[in-house]
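Text of the file data-v8.cif, holding mmCIF, C-alpha atoms:
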data_structure
#
loop_
_atom_site.label_atom_id
_atom_site.label_comp_id
_atom_site.auth_asym_id
_atom_site.auth_seq_id
_atom_site.Cartn_x
_atom_site.Cartn_y
_atom_site.Cartn_z
CA MET R 1 0.00 0.00 0.00
CA ASN R 2 1.57 3.31 -1.08
CA MET R 3 1.67 6.57 0.84
CA ARG R 4 -1.36 8.03 -0.99
CA ASN R 5 -3.54 5.12 0.08
CA ILE R 6 -2.30 5.34 3.65
CA LEU R 7 -3.16 9.03 3.74
CA LEU R 8 -6.66 8.30 2.43
CA PHE R 9 -7.29 5.79 5.22
CA ALA R 10 -5.74 8.20 7.73
CA PHE R 11 -8.13 10.90 6.57
CA VAL R 12 -11.16 8.63 7.12
CA ALA R 13 -9.81 7.65 10.56
CA PHE R 14 -9.36 11.34 11.37
CA LEU R 15 -13.00 12.03 10.45
CA ILE R 16 -14.23 9.36 12.86
CA VAL R 17 -11.90 10.46 15.68
CA PHE R 18 -12.83 14.11 15.11
CA GLU R 19 -16.49 13.14 15.39
CA GLY R 20 -15.78 11.50 18.73
CA MET R 21 -13.81 14.47 20.05
CA THR R 22 -16.23 17.17 18.93
CA ALA R 23 -19.61 15.45 19.19
CA SER R 24 -19.94 12.06 20.87
CA TRP R 25 -17.80 8.93 21.10
CA ASN R 26 -21.01 6.92 21.03
CA THR R 27 -21.85 8.41 17.64
CA ALA R 28 -18.31 7.94 16.38
CA LEU R 29 -18.23 4.28 17.43
CA GLY R 30 -21.67 3.74 15.89
CA ILE R 31 -20.31 5.11 12.60
CA LEU R 32 -17.23 2.91 12.97
CA ASN R 33 -19.26 -0.26 13.51
CA MET R 34 -21.55 0.31 10.56
CA GLY R 35 -18.53 1.41 8.54
CA LEU R 36 -16.90 -1.96 9.22
CA ILE R 37 -20.04 -3.78 8.08
CA SER R 38 -20.36 -1.50 5.04
CA ALA R 39 -16.76 -2.32 4.13
CA ILE R 40 -17.64 -6.03 4.24
CA LEU R 41 -20.67 -5.42 2.01
CA ALA R 42 -18.50 -3.47 -0.42
CA LEU R 43 -15.99 -6.34 -0.45
CA GLY R 44 -18.75 -8.78 -1.42
CA VAL R 45 -19.98 -6.60 -4.29
CA ASN R 46 -16.40 -5.91 -5.36
CA MET R 47 -15.85 -9.67 -5.71
CA GLN R 48 -18.73 -9.88 -8.16
CA TRP R 49 -18.15 -6.67 -10.12
CA GLY R 50 -14.45 -5.98 -9.64
CA TYR R 51 -13.28 -9.57 -10.16
CA ALA R 52 -15.79 -10.83 -12.74
CA GLY R 53 -17.85 -7.89 -14.03
CA LEU R 54 -21.16 -9.31 -12.71
CA PHE R 55 -23.81 -6.61 -12.25
CA ASN R 56 -25.83 -7.48 -9.14
CA VAL R 57 -28.64 -5.01 -8.43
CA GLY R 58 -30.38 -7.20 -5.88
CA ILE R 59 -27.88 -6.83 -3.05
CA VAL R 60 -30.70 -5.91 -0.67
CA GLY R 61 -32.20 -9.40 -1.04
CA PHE R 62 -28.97 -11.16 -0.05
CA VAL R 63 -28.50 -8.80 2.90
CA ALA R 64 -32.06 -9.53 4.04
CA LEU R 65 -31.53 -13.30 3.77
CA GLY R 66 -28.45 -12.95 5.92
CA GLY R 67 -30.44 -10.89 8.40
CA LEU R 68 -32.96 -13.73 8.68
CA ALA R 69 -30.28 -16.10 10.02
CA PRO R 70 -30.04 -14.67 13.59
CA VAL R 71 -33.81 -15.08 13.95
CA LEU R 72 -33.73 -18.70 12.79
CA ILE R 73 -30.58 -19.65 14.70
CA ALA R 74 -30.34 -17.55 17.86
CA THR R 75 -33.91 -16.82 19.03
CA PRO R 76 -35.56 -19.43 21.27
CA PRO R 77 -38.15 -21.72 19.66
CA VAL R 78 -41.83 -20.98 20.21
CA THR R 79 -42.55 -24.40 21.68
CA GLU R 80 -46.32 -23.89 21.82
CA VAL R 81 -46.71 -23.77 18.03
CA TRP R 82 -44.60 -26.91 17.67
CA THR R 83 -46.54 -28.89 20.26
CA ALA R 84 -49.77 -27.75 18.59
CA GLY R 85 -48.53 -29.30 15.35
CA GLY R 86 -48.32 -26.09 13.36
CA GLY R 87 -44.54 -26.08 13.14
CA PHE R 88 -44.21 -29.66 11.95
CA ARG R 89 -46.97 -29.21 9.37
CA LEU R 90 -45.23 -26.10 8.07
CA ILE R 91 -41.97 -27.99 7.66
CA LEU R 92 -43.84 -30.82 5.94
CA ALA R 93 -45.51 -28.38 3.55
CA LEU R 94 -42.18 -26.75 2.67
CA LEU R 95 -40.60 -30.17 2.03
CA MET R 96 -43.56 -31.02 -0.16
CA GLY R 97 -43.04 -27.82 -2.13
CA VAL R 98 -39.38 -28.66 -2.72
CA ALA R 99 -40.33 -32.21 -3.78
CA ILE R 100 -42.95 -30.90 -6.24
CA ILE R 101 -40.41 -28.56 -7.85
CA ALA R 102 -37.82 -31.34 -8.03
CA LEU R 103 -40.36 -33.67 -9.65
CA ALA R 104 -41.29 -31.01 -12.21
CA ILE R 105 -37.61 -30.51 -13.08
CA ALA R 106 -37.11 -34.27 -13.49
CA LEU R 107 -40.18 -34.59 -15.72
CA ASN R 108 -39.03 -31.65 -17.81
CA HIS R 109 -35.75 -33.41 -18.54
CA ARG R 110 -37.12 -36.92 -19.15
CA LEU R 111 -40.30 -36.34 -21.13
CA LYS R 112 -40.85 -34.66 -24.48
CA GLY R 113 -43.67 -33.14 -26.48
CA ARG R 114 -47.25 -33.25 -25.25
CA GLN R 115 -46.44 -35.77 -22.54
CA ARG R 116 -44.06 -33.31 -20.94
CA VAL R 117 -46.56 -30.44 -21.11
CA LEU R 118 -49.37 -32.55 -19.63
CA ALA R 119 -47.15 -34.01 -16.90
CA LEU R 120 -45.86 -30.56 -15.90
CA LEU R 121 -49.37 -29.10 -15.78
CA VAL R 122 -50.65 -31.93 -13.60
CA THR R 123 -47.60 -31.82 -11.32
CA LEU R 124 -47.47 -28.05 -10.85
CA ILE R 125 -51.21 -27.35 -10.60
CA GLY R 126 -51.99 -30.41 -8.50
CA GLY R 127 -48.89 -29.83 -6.39
CA PHE R 128 -49.85 -26.22 -5.78
CA PHE R 129 -53.28 -27.13 -4.39
CA LEU R 130 -51.81 -29.97 -2.33
CA PHE R 131 -49.16 -27.64 -0.94
CA ARG R 132 -51.71 -24.99 0.02
CA ALA R 133 -53.96 -27.59 1.63
CA VAL R 134 -51.17 -28.45 4.08
CA PHE R 135 -49.47 -25.06 4.29
CA ASP R 136 -52.39 -22.69 4.96
CA PRO R 137 -53.84 -24.46 8.05
CA ALA R 138 -50.34 -24.73 9.53
CA VAL R 139 -49.75 -21.02 9.01
CA GLU R 140 -53.03 -20.18 10.74
CA VAL R 141 -52.00 -22.21 13.79
CA VAL R 142 -48.59 -20.54 14.01
CA GLU R 143 -49.70 -16.95 13.40
CA ALA R 144 -52.66 -17.22 15.78
CA PHE R 145 -50.41 -17.81 18.81
CA LYS R 146 -49.82 -14.50 20.66
CA PRO R 147 -49.58 -12.31 17.54
CA ALA R 148 -48.50 -9.32 19.64
CA THR R 149 -45.27 -11.04 20.71
CA TYR R 150 -44.72 -14.24 18.70
CA SER R 151 -46.81 -15.48 15.72
CA ASN R 152 -43.75 -17.22 14.28
CA LEU R 153 -41.83 -20.48 14.63
CA GLY R 154 -38.91 -18.97 16.52
CA GLY R 155 -35.36 -20.24 16.16
CA LEU R 156 -33.03 -22.91 17.49
CA GLY R 157 -31.74 -21.03 20.54
CA LEU R 158 -28.08 -21.43 19.51
CA PRO R 159 -25.28 -18.86 20.00
CA VAL R 160 -25.81 -15.88 17.72
CA LEU R 161 -22.29 -16.02 16.28
CA LEU R 162 -23.28 -19.28 14.58
CA ALA R 163 -25.90 -17.30 12.68
CA TRP R 164 -23.27 -15.28 10.83
CA PRO R 165 -21.95 -18.14 8.65
CA VAL R 166 -25.52 -19.42 8.29
CA GLY R 167 -26.51 -16.01 6.91
CA GLY R 168 -23.76 -16.39 4.35
CA LEU R 169 -25.02 -19.87 3.44
CA LEU R 170 -28.60 -18.64 2.98
CA ALA R 171 -27.43 -15.89 0.62
CA ALA R 172 -25.13 -18.33 -1.19
CA GLY R 173 -28.04 -20.72 -1.73
CA ALA R 174 -30.16 -17.97 -3.26
CA ALA R 175 -27.20 -16.92 -5.42
CA TRP R 176 -26.82 -20.50 -6.68
CA VAL R 177 -30.48 -20.60 -7.77
CA ILE R 178 -30.25 -17.22 -9.51
CA GLY R 179 -26.89 -17.99 -11.06
CA LYS R 180 -27.94 -21.35 -12.47
CA THR R 181 -30.83 -19.56 -14.15
CA ALA R 182 -29.31 -16.31 -15.38
CA LEU R 183 -25.52 -16.54 -15.62
CA GLY R 184 -25.56 -18.48 -18.86
CA LEU R 185 -27.49 -15.67 -20.56
CA ARG R 186 -26.52 -12.10 -21.40
CA SER R 187 -25.25 -9.92 -18.56
CA ASP R 188 -28.37 -7.74 -18.47
CA TYR R 189 -30.48 -10.79 -17.60
CA LEU R 190 -28.47 -11.21 -14.40
CA ALA R 191 -29.31 -7.64 -13.40
CA ILE R 192 -33.01 -8.24 -14.07
CA ALA R 193 -32.96 -11.56 -12.19
CA THR R 194 -31.18 -10.16 -9.13
CA LEU R 195 -33.45 -7.12 -9.04
CA GLY R 196 -36.57 -9.30 -9.17
CA ILE R 197 -35.37 -11.92 -6.70
CA GLY R 198 -34.25 -9.24 -4.26
CA GLU R 199 -37.72 -7.68 -4.23
CA ILE R 200 -39.35 -11.12 -3.91
CA ILE R 201 -37.22 -11.93 -0.87
CA ILE R 202 -38.17 -8.66 0.82
CA ALA R 203 -41.88 -9.19 0.00
CA VAL R 204 -41.80 -12.69 1.50
CA MET R 205 -40.11 -11.49 4.67
CA LYS R 206 -42.64 -8.67 5.06
CA ASN R 207 -45.74 -10.80 4.51
CA GLU R 208 -44.97 -14.26 5.91
CA ASP R 209 -45.43 -13.68 9.63
CA TRP R 210 -44.77 -17.33 10.49
CA LEU R 211 -41.17 -16.92 9.34
CA ALA R 212 -39.98 -13.78 11.14
CA ARG R 213 -43.15 -11.88 12.19
CA GLY R 214 -43.20 -9.83 8.98
CA VAL R 215 -43.52 -6.09 9.53
CA LYS R 216 -44.23 -6.69 13.22
CA ASN R 217 -40.47 -7.22 13.57
CA VAL R 218 -38.44 -9.54 15.78
CA ILE R 219 -36.82 -7.88 18.78
CA SER R 220 -34.52 -9.00 21.60
CA ILE R 221 -32.30 -11.09 19.35
CA PRO R 222 -29.46 -12.43 21.54
CA ARG R 223 -26.14 -10.61 21.36
CA PRO R 224 -22.53 -11.86 21.46
CA VAL R 225 -21.51 -9.03 23.82
CA PRO R 226 -22.80 -8.03 27.29
CA TYR R 227 -25.92 -5.92 27.66
CA GLU R 228 -25.45 -2.36 28.84
CA VAL R 229 -27.79 -2.85 31.80
CA ASP R 230 -25.72 -5.82 33.03
CA LEU R 231 -22.58 -3.71 32.96
CA GLN R 232 -24.35 -0.89 34.78
CA ASN R 233 -25.39 -3.32 37.51
CA SER R 234 -21.81 -4.49 37.99
CA THR R 235 -20.15 -2.77 40.96
CA SER R 236 -16.64 -3.25 39.59
CA PHE R 237 -17.65 -1.74 36.23
CA VAL R 238 -19.29 1.27 37.90
CA GLU R 239 -16.16 1.87 39.98
CA ARG R 240 -13.90 1.56 36.94
CA ALA R 241 -16.08 3.98 34.97
CA ALA R 242 -15.95 6.45 37.87
CA SER R 243 -12.15 6.20 37.90
CA PHE R 244 -12.19 7.43 34.29
CA GLY R 245 -14.61 10.22 35.19
CA THR R 246 -17.44 8.69 33.12
CA ASP R 247 -20.96 7.84 34.17
CA PRO R 248 -21.90 4.11 33.97
CA VAL R 249 -24.52 4.61 31.25
CA THR R 250 -22.15 6.30 28.81
CA ALA R 251 -19.29 3.94 29.69
CA SER R 252 -21.42 0.83 29.16
CA THR R 253 -22.59 1.92 25.69
CA ILE R 254 -19.01 2.74 24.67
CA VAL R 255 -17.67 -0.61 25.92
CA VAL R 256 -20.40 -2.56 24.12
CA LYS R 257 -19.69 -0.73 20.86
CA LEU R 258 -15.96 -1.30 21.27
CA LEU R 259 -16.57 -5.03 21.70
CA TYR R 260 -18.71 -5.08 18.56
CA ALA R 261 -15.98 -3.14 16.73
CA ALA R 262 -13.41 -5.74 17.76
CA LEU R 263 -15.59 -8.60 16.44
CA PHE R 264 -16.32 -6.82 13.16
CA THR R 265 -12.66 -5.88 12.70
CA VAL R 266 -11.59 -9.52 13.03
CA ILE R 267 -14.13 -10.57 10.37
CA LEU R 268 -13.13 -7.72 8.04
CA LEU R 269 -9.40 -8.44 8.36
CA ALA R 270 -9.97 -12.14 7.71
CA LEU R 271 -11.99 -11.35 4.59
CA ILE R 272 -9.41 -8.86 3.31
CA TRP R 273 -6.61 -11.40 3.84
CA ALA R 274 -8.56 -14.12 2.01
CA SER R 275 -9.60 -11.72 -0.76
CA GLU R 276 -6.06 -10.49 -1.34
CA LYS R 277 -4.72 -14.06 -1.42
CA ALA R 278 -7.40 -15.05 -3.92
CA LEU R 279 -7.01 -11.97 -6.12
CA ASN R 280 -3.24 -12.39 -6.43
CA SER R 281 -3.44 -16.15 -7.08
CA PRO R 282 -3.75 -17.86 -10.48
CA TRP R 283 -7.49 -18.10 -9.78
CA GLY R 284 -7.72 -14.32 -9.35
CA ARG R 285 -5.76 -13.65 -12.54
CA MET R 286 -8.05 -16.07 -14.38
CA MET R 287 -11.15 -14.27 -13.07
CA ARG R 288 -9.84 -10.90 -14.27
CA ALA R 289 -8.96 -12.40 -17.63
CA ILE R 290 -12.55 -13.66 -17.95
CA ARG R 291 -13.83 -10.23 -16.93
CA ASP R 292 -11.72 -8.42 -19.51
CA ASN R 293 -12.38 -10.78 -22.43
CA GLU R 294 -14.81 -13.66 -22.02
CA VAL R 295 -14.39 -14.85 -25.61
CA ALA R 296 -10.62 -15.14 -25.34
CA ALA R 297 -10.85 -16.87 -21.94
CA GLU R 298 -13.40 -19.34 -23.28
CA ALA R 299 -11.14 -20.02 -26.29
CA MET R 300 -8.37 -20.91 -23.82
CA GLY R 301 -10.60 -23.60 -22.33
CA LYS R 302 -11.98 -21.75 -19.30
CA ASP R 303 -15.53 -22.55 -18.20
CA VAL R 304 -16.78 -18.96 -18.02
CA THR R 305 -20.29 -19.72 -16.77
CA ARG R 306 -19.01 -21.97 -14.00
CA ARG R 307 -16.48 -19.38 -12.83
CA HIS R 308 -19.13 -16.65 -12.91
CA LEU R 309 -21.39 -18.82 -10.77
CA GLN R 310 -18.53 -19.44 -8.36
CA ILE R 311 -17.71 -15.78 -7.79
CA PHE R 312 -21.38 -14.79 -7.71
CA ILE R 313 -21.99 -17.26 -4.87
CA LEU R 314 -18.89 -16.11 -2.96
CA GLY R 315 -19.79 -12.42 -3.20
CA SER R 316 -23.41 -13.05 -2.21
CA ALA R 317 -22.26 -15.12 0.78
CA VAL R 318 -20.19 -12.18 2.02
CA CYS R 319 -23.24 -9.90 1.67
CA GLY R 320 -25.33 -12.42 3.63
CA LEU R 321 -22.69 -12.52 6.35
CA ALA R 322 -22.83 -8.72 6.60
CA GLY R 323 -26.64 -8.88 6.78
CA ALA R 324 -26.45 -11.22 9.78
CA MET R 325 -23.97 -8.87 11.44
CA ILE R 326 -26.28 -5.88 10.98
CA VAL R 327 -29.21 -7.65 12.65
CA THR R 328 -26.95 -8.81 15.48
CA LEU R 329 -25.72 -5.26 16.02
CA ASP R 330 -29.28 -3.88 16.04
CA SER R 331 -30.56 -6.83 18.10
CA GLN R 332 -33.71 -6.80 15.97
CA LEU R 333 -34.93 -7.72 12.49
CA THR R 334 -37.05 -5.06 10.79
CA PRO R 335 -37.87 -6.13 7.20
CA GLY R 336 -39.44 -2.74 6.48
CA THR R 337 -36.00 -1.09 6.63
CA TYR R 338 -34.61 -3.11 3.73
CA ASN R 339 -34.78 -0.84 0.71
CA PRO R 340 -32.69 -0.77 -2.49
CA LEU R 341 -31.49 2.80 -1.88
CA ARG R 342 -29.70 1.85 1.34
CA PHE R 343 -28.65 -1.72 0.59
CA THR R 344 -28.01 -1.65 -3.16
CA PHE R 345 -27.40 1.84 -4.52
CA LEU R 346 -25.29 2.98 -1.55
CA ILE R 347 -23.13 -0.16 -1.66
CA TRP R 348 -22.50 0.39 -5.36
CA VAL R 349 -21.44 3.97 -4.62
CA MET R 350 -18.97 2.62 -2.05
CA VAL R 351 -17.42 0.24 -4.56
CA ILE R 352 -17.21 2.78 -7.40
CA VAL R 353 -15.84 5.59 -5.23
CA GLY R 354 -13.34 3.33 -3.47
CA GLY R 355 -12.14 1.63 -6.64
CA SER R 356 -13.70 -1.47 -8.16
CA GLY R 357 -11.33 -4.41 -8.50
CA ASN R 358 -9.29 -3.29 -5.47
CA ASN R 359 -10.15 -4.80 -2.09
CA TRP R 360 -8.63 -1.94 -0.12
CA GLY R 361 -10.50 0.52 -2.30
CA ALA R 362 -13.78 -1.18 -1.50
CA VAL R 363 -12.99 -0.96 2.22
CA LEU R 364 -12.09 2.72 1.95
CA GLY R 365 -15.28 3.44 0.03
CA GLY R 366 -17.34 1.61 2.66
CA PHE R 367 -16.00 3.76 5.49
CA LEU R 368 -16.01 7.08 3.63
CA ILE R 369 -19.47 6.82 2.07
CA TRP R 370 -21.07 5.57 5.27
CA PHE R 371 -19.56 8.47 7.23
CA LEU R 372 -20.95 10.94 4.70
CA TRP R 373 -24.33 9.15 4.63
CA ILE R 374 -24.67 9.62 8.39
CA LYS R 375 -23.25 13.12 8.76
CA VAL R 376 -24.54 14.92 5.66
CA GLU R 377 -28.11 15.16 6.95
CA PRO R 378 -27.26 17.03 10.19
CA TRP R 379 -24.74 19.12 8.24
CA GLY R 380 -27.49 19.93 5.76
CA ASN R 381 -29.88 20.94 8.53
CA GLY R 382 -27.25 23.24 10.00
CA LEU R 383 -26.46 24.74 6.59
CA MET R 384 -30.14 25.42 5.82
CA ASP R 385 -30.69 26.95 9.27
CA PHE R 386 -27.75 29.27 8.62
CA ILE R 387 -28.96 30.20 5.13
CA THR R 388 -32.53 30.88 6.26
CA SER R 389 -31.65 32.55 9.58
CA GLY R 390 -32.30 36.02 8.18
CA MET R 391 -35.39 35.13 6.17
CA ALA R 392 -38.94 35.85 7.24
CA ASP R 393 -41.16 32.90 8.03
CA GLY R 394 -43.01 31.71 4.98
CA ALA R 395 -43.30 29.13 2.25
CA ILE R 396 -39.79 29.70 0.83
CA LYS R 397 -38.09 29.35 4.20
CA SER R 398 -40.08 26.22 5.04
CA HIS R 399 -39.29 24.73 1.64
CA LEU R 400 -35.55 25.33 2.06
CA GLN R 401 -35.52 23.86 5.56
CA ASP R 402 -37.47 20.80 4.43
CA SER R 403 -35.10 20.25 1.50
CA ALA R 404 -32.26 19.56 3.94
CA ALA R 405 -33.57 16.01 4.24
CA HIS R 406 -32.53 15.42 0.61
CA MET R 407 -28.93 16.49 1.15
CA ARG R 408 -27.87 12.85 1.45
CA LEU R 409 -28.91 12.01 -2.10
CA LEU R 410 -27.46 15.24 -3.48
CA THR R 411 -24.14 14.60 -1.74
CA MET R 412 -23.90 10.97 -2.90
CA GLY R 413 -24.54 12.04 -6.47
CA LEU R 414 -22.02 14.88 -6.20
CA VAL R 415 -19.32 12.63 -4.70
CA LEU R 416 -19.93 10.04 -7.41
CA LEU R 417 -19.67 12.66 -10.18
CA LEU R 418 -16.47 14.17 -8.76
CA VAL R 419 -14.79 10.79 -8.39
CA LEU R 420 -15.81 9.68 -11.88
CA ARG R 421 -14.51 12.98 -13.30
CA PHE R 422 -11.16 13.23 -11.52
CA SER R 423 -10.45 9.59 -10.61
CA PRO R 424 -12.53 7.39 -12.92
CA ARG R 425 -11.07 4.17 -11.53
CA GLY R 426 -11.83 5.14 -7.92
CA LEU R 427 -9.78 6.58 -5.08
CA ILE R 428 -7.63 3.42 -4.92
CA PRO R 429 -7.57 2.03 -8.47
CA GLU R 430 -7.08 -1.60 -9.37
CA ARG R 431 -3.43 -2.48 -9.80
#

Can you give me the file's structure in the form of structure tokens?
Amino acid sequence: MNMRNILLFAFVAFLIVFEGMTASWNTALGILNMGLISAILALGVNMQWGYAGLFNVGIVGFVALGGLAPVLIATPPVTEVWTAGGGFRLILALLMGVAIIALAIALNHRLKGRQRVLALLVTLIGGFFLFRAVFDPAVEVVEAFKPATYSNLGGLGLPVLLAWPVGGLLAAGAAWVIGKTALGLRSDYLAIATLGIGEIIIAVMKNEDWLARGVKNVISIPRPVPYEVDLQNSTSFVERAASFGTDPVTASTIVVKLLYAALFTVILLALIWASEKALNSPWGRMMRAIRDNEVAAEAMGKDVTRRHLQIFILGSAVCGLAGAMIVTLDSQLTPGTYNPLRFTFLIWVMVIVGGSGNNWGAVLGGFLIWFLWIKVEPWGNGLMDFITSGMADGAIKSHLQDSAAHMRLLTMGLVLLLVLRFSPRGLIPER
């Protein structure tokens, strides 16, 4: 890493430290933690776009699938719905659905002509009604149990850290399904497929209450670090906080965020190490050769579609891992917050600004863009208050003050334009 890159990272670190010194260390550490996760998300997208040129516009769906993992793994099971039979019937219905799809695929390959059409119609239509006959009553049983607090199956009650790799596996599974369908076609079909699947995933999570309570949200997801209230009730912690001249409430929130930062830093460093090793290996050089000229790579005997599927799954798994980390940090799953602006467009801005094809560039973009995303809105409010301070109350003043809420989008667009104009390959270009 050359001196220019070091200075860029030092500048971002200065911004976070300056925020802590001038405003609040709680805010600064909150930006740091989400910056670490954003860097991981940017790494995942950089694998797909920077290594292989795959245009994924459904990142939000893979993040949401990863966020589902802590609910399924770490929350305690709702034993009442299982003893009532609703849980087992739901699992049976889902297995039936998978079996029906597998049977349809097998018939599609083995039969031809009218026989295939008739067999597929009978299998899919009959299977659909059979599936709903088992699935709908089971859903009613599950969602009828204490809808204000439960109405879902619950999880396995395992340590929440186990949910992080599971989140990656869930996203990888979805990527495999999409990739097997779309990667053999033109590149624009992949964009359409990922966009559609991402929205489908969000719609399912919002509407299927039996899975994760839908828009009613899942709260109190277990955490891998102590709770602030437990630290505040510890005599030794209170005494130690007093020795630093800090009240227990502030000290506990800072310690918890520092512990999260340590966990996220370990994951990020491990991913950077693995990504750098892969990128500088023969495999990484092959992936870039495929990205630059698919026809030439295919003429040299490389299986382009298979390699695209491979990197698409790996990048999606990293996004799923980051999704599980976000839900763990928030200690709640709120499907209504998953929107393409935050979890697709913003991640793409991070990769482009940082430098696609460069792992360190993606990390830099993750930190820098997230810092701006958080701070631009209060800066915009302050700027508009200053501009309108001498104006009389009225429609123009109200309009200008209300427009401060859109400063985020304006700033992201401006940053993107400036980087594309003066550093088209990003702040840290690909070597």

Just give me the gap between atom CA of R:Leu346 and atom CA of R:Cys319 in Å, one decimal is fine.
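Rounded to one decimal, the two atoms are 13.4 Å apart.
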
I'd like the neighbourhood of stretch 77-92 of chain R as a PyMOL selection string, where a residue qualifies if any of its atoms comes within 6 Å (using all atoms listed in the file), though same-chain residues fewer than 6 positions away should be ignored.
chain R and resi 135+138+141-142+153-156

Next, write the just-selected residues to a file, as a compact mmCIF listing (two decimals), in the coordinates of the input, keeping C-alpha atoms as the atom set.
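selection.txt written:
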# COMPACT_ATOMS: atom_id res chain seq x y z
CA PHE R 135 -49.47 -25.06 4.29
CA ALA R 138 -50.34 -24.73 9.53
CA VAL R 141 -52.00 -22.21 13.79
CA VAL R 142 -48.59 -20.54 14.01
CA LEU R 153 -41.83 -20.48 14.63
CA GLY R 154 -38.91 -18.97 16.52
CA GLY R 155 -35.36 -20.24 16.16
CA LEU R 156 -33.03 -22.91 17.49

Show which residues sit within 8 Å of stretch 19-32 of chain R, as a PDB file with C-alpha atoms, keeping the file's coordinate frame. Count all atoms listed in the file, and ignore same-chain residues fewer than 5 positions away.
ATOM      1  CA  THR R 250     -22.150   6.300  28.810  1.00  0.00           C
ATOM      2  CA  THR R 253     -22.590   1.920  25.690  1.00  0.00           C
ATOM      3  CA  ILE R 254     -19.010   2.740  24.670  1.00  0.00           C
ATOM      4  CA  LYS R 257     -19.690  -0.730  20.860  1.00  0.00           C
ATOM      5  CA  LEU R 258     -15.960  -1.300  21.270  1.00  0.00           C
ATOM      6  CA  ALA R 261     -15.980  -3.140  16.730  1.00  0.00           C
ATOM      7  CA  PHE R 367     -16.000   3.760   5.490  1.00  0.00           C
ATOM      8  CA  TRP R 370     -21.070   5.570   5.270  1.00  0.00           C
ATOM      9  CA  PHE R 371     -19.560   8.470   7.230  1.00  0.00           C
ATOM     10  CA  ILE R 374     -24.670   9.620   8.390  1.00  0.00           C
TER      11      ILE R 374
END

So that I can see what lies close to R:Met47, please list as a PyMOL selection string the residues with an atom at most 8 Å from it, counting all atoms listed in the file and leaving out residues fewer than 3 positions away in the same chain.
chain R and resi 43-44+50-52+311-312+314-315+357

Fewer than 3 positions away in the same chain doesn't count, so skip those; otherwise give me all residues within 9 Å of R:Ala175, counting all atoms listed in the file, as JSON, numbers by chain.
{"R": [62, 170, 171, 172, 178, 179, 180, 194, 309, 312, 313, 314, 315, 316, 317]}

Taking the file as shown, find all residues satisfying the PyMOL selection byres ((chain R and resi 385) around 12) and write them as a ChimeraX atom specification.
/R:378-384,386-391,397-404

As a ChimeraX atom specification, please: the residues near R:Pro165 (cut-off 12 Å, all atoms listed in the file, same-chain neighbours under 5 positions excluded).
/R:65-70,73,159-160,170-172,267,317-325

In Å, how far is it from atom CA of R:Leu169 to atom CA of R:Thr334?
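Atom-to-atom, atom CA of R:Leu169 to atom CA of R:Thr334, that is 20.4 Å.
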
So which residues get picked by the PyMOL selection byres ((chain R and resi 416-423) around 12) here, written as a VMD selection string?
chain R and resid 345 to 346 348 to 356 365 369 409 to 415 424 to 430

Please produce an output containing C-alpha atoms for each residue in the selection, written as a PDB file, in the frame of the given file.
ATOM      1  CA  PHE R 345     -27.400   1.840  -4.520  1.00  0.00           C
ATOM      2  CA  LEU R 346     -25.290   2.980  -1.550  1.00  0.00           C
ATOM      3  CA  TRP R 348     -22.500   0.390  -5.360  1.00  0.00           C
ATOM      4  CA  VAL R 349     -21.440   3.970  -4.620  1.00  0.00           C
ATOM      5  CA  MET R 350     -18.970   2.620  -2.050  1.00  0.00           C
ATOM      6  CA  VAL R 351     -17.420   0.240  -4.560  1.00  0.00           C
ATOM      7  CA  ILE R 352     -17.210   2.780  -7.400  1.00  0.00           C
ATOM      8  CA  VAL R 353     -15.840   5.590  -5.230  1.00  0.00           C
ATOM      9  CA  GLY R 354     -13.340   3.330  -3.470  1.00  0.00           C
ATOM     10  CA  GLY R 355     -12.140   1.630  -6.640  1.00  0.00           C
ATOM     11  CA  SER R 356     -13.700  -1.470  -8.160  1.00  0.00           C
ATOM     12  CA  GLY R 365     -15.280   3.440   0.030  1.00  0.00           C
ATOM     13  CA  ILE R 369     -19.470   6.820   2.070  1.00  0.00           C
ATOM     14  CA  LEU R 409     -28.910  12.010  -2.100  1.00  0.00           C
ATOM     15  CA  LEU R 410     -27.460  15.240  -3.480  1.00  0.00           C
ATOM     16  CA  THR R 411     -24.140  14.600  -1.740  1.00  0.00           C
ATOM     17  CA  MET R 412     -23.900  10.970  -2.900  1.00  0.00           C
ATOM     18  CA  GLY R 413     -24.540  12.040  -6.470  1.00  0.00           C
ATOM     19  CA  LEU R 414     -22.020  14.880  -6.200  1.00  0.00           C
ATOM     20  CA  VAL R 415     -19.320  12.630  -4.700  1.00  0.00           C
ATOM     21  CA  PRO R 424     -12.530   7.390 -12.920  1.00  0.00           C
ATOM     22  CA  ARG R 425     -11.070   4.170 -11.530  1.00  0.00           C
ATOM     23  CA  GLY R 426     -11.830   5.140  -7.920  1.00  0.00           C
ATOM     24  CA  LEU R 427      -9.780   6.580  -5.080  1.00  0.00           C
ATOM     25  CA  ILE R 428      -7.630   3.420  -4.920  1.00  0.00           C
ATOM     26  CA  PRO R 429      -7.570   2.030  -8.470  1.00  0.00           C
ATOM     27  CA  GLU R 430      -7.080  -1.600  -9.370  1.00  0.00           C
TER      28      GLU R 430
END

For the atom pair atom CA of R:Ile101 and atom CA of R:Leu183, what is the interatomic distance in Å to one decimal place?
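Atom CA of R:Leu183 lies at a distance of 20.7 Å from atom CA of R:Ile101.
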
Residue IDs satisfying the PyMOL selection byres ((chain R and resi 237) around 12), as a ChimeraX atom specification
/R:228-236,238-244,246-252,255

Residues within 12 Å of (-50.1, -25.6, -0.4), file coordinates, counting only C-alpha atoms: what are they? Give the list as JSON, numbers by chain.
{"R": [89, 90, 91, 92, 93, 94, 95, 96, 97, 98, 100, 124, 125, 126, 127, 128, 129, 130, 131, 132, 133, 134, 135, 136, 137, 138, 139]}
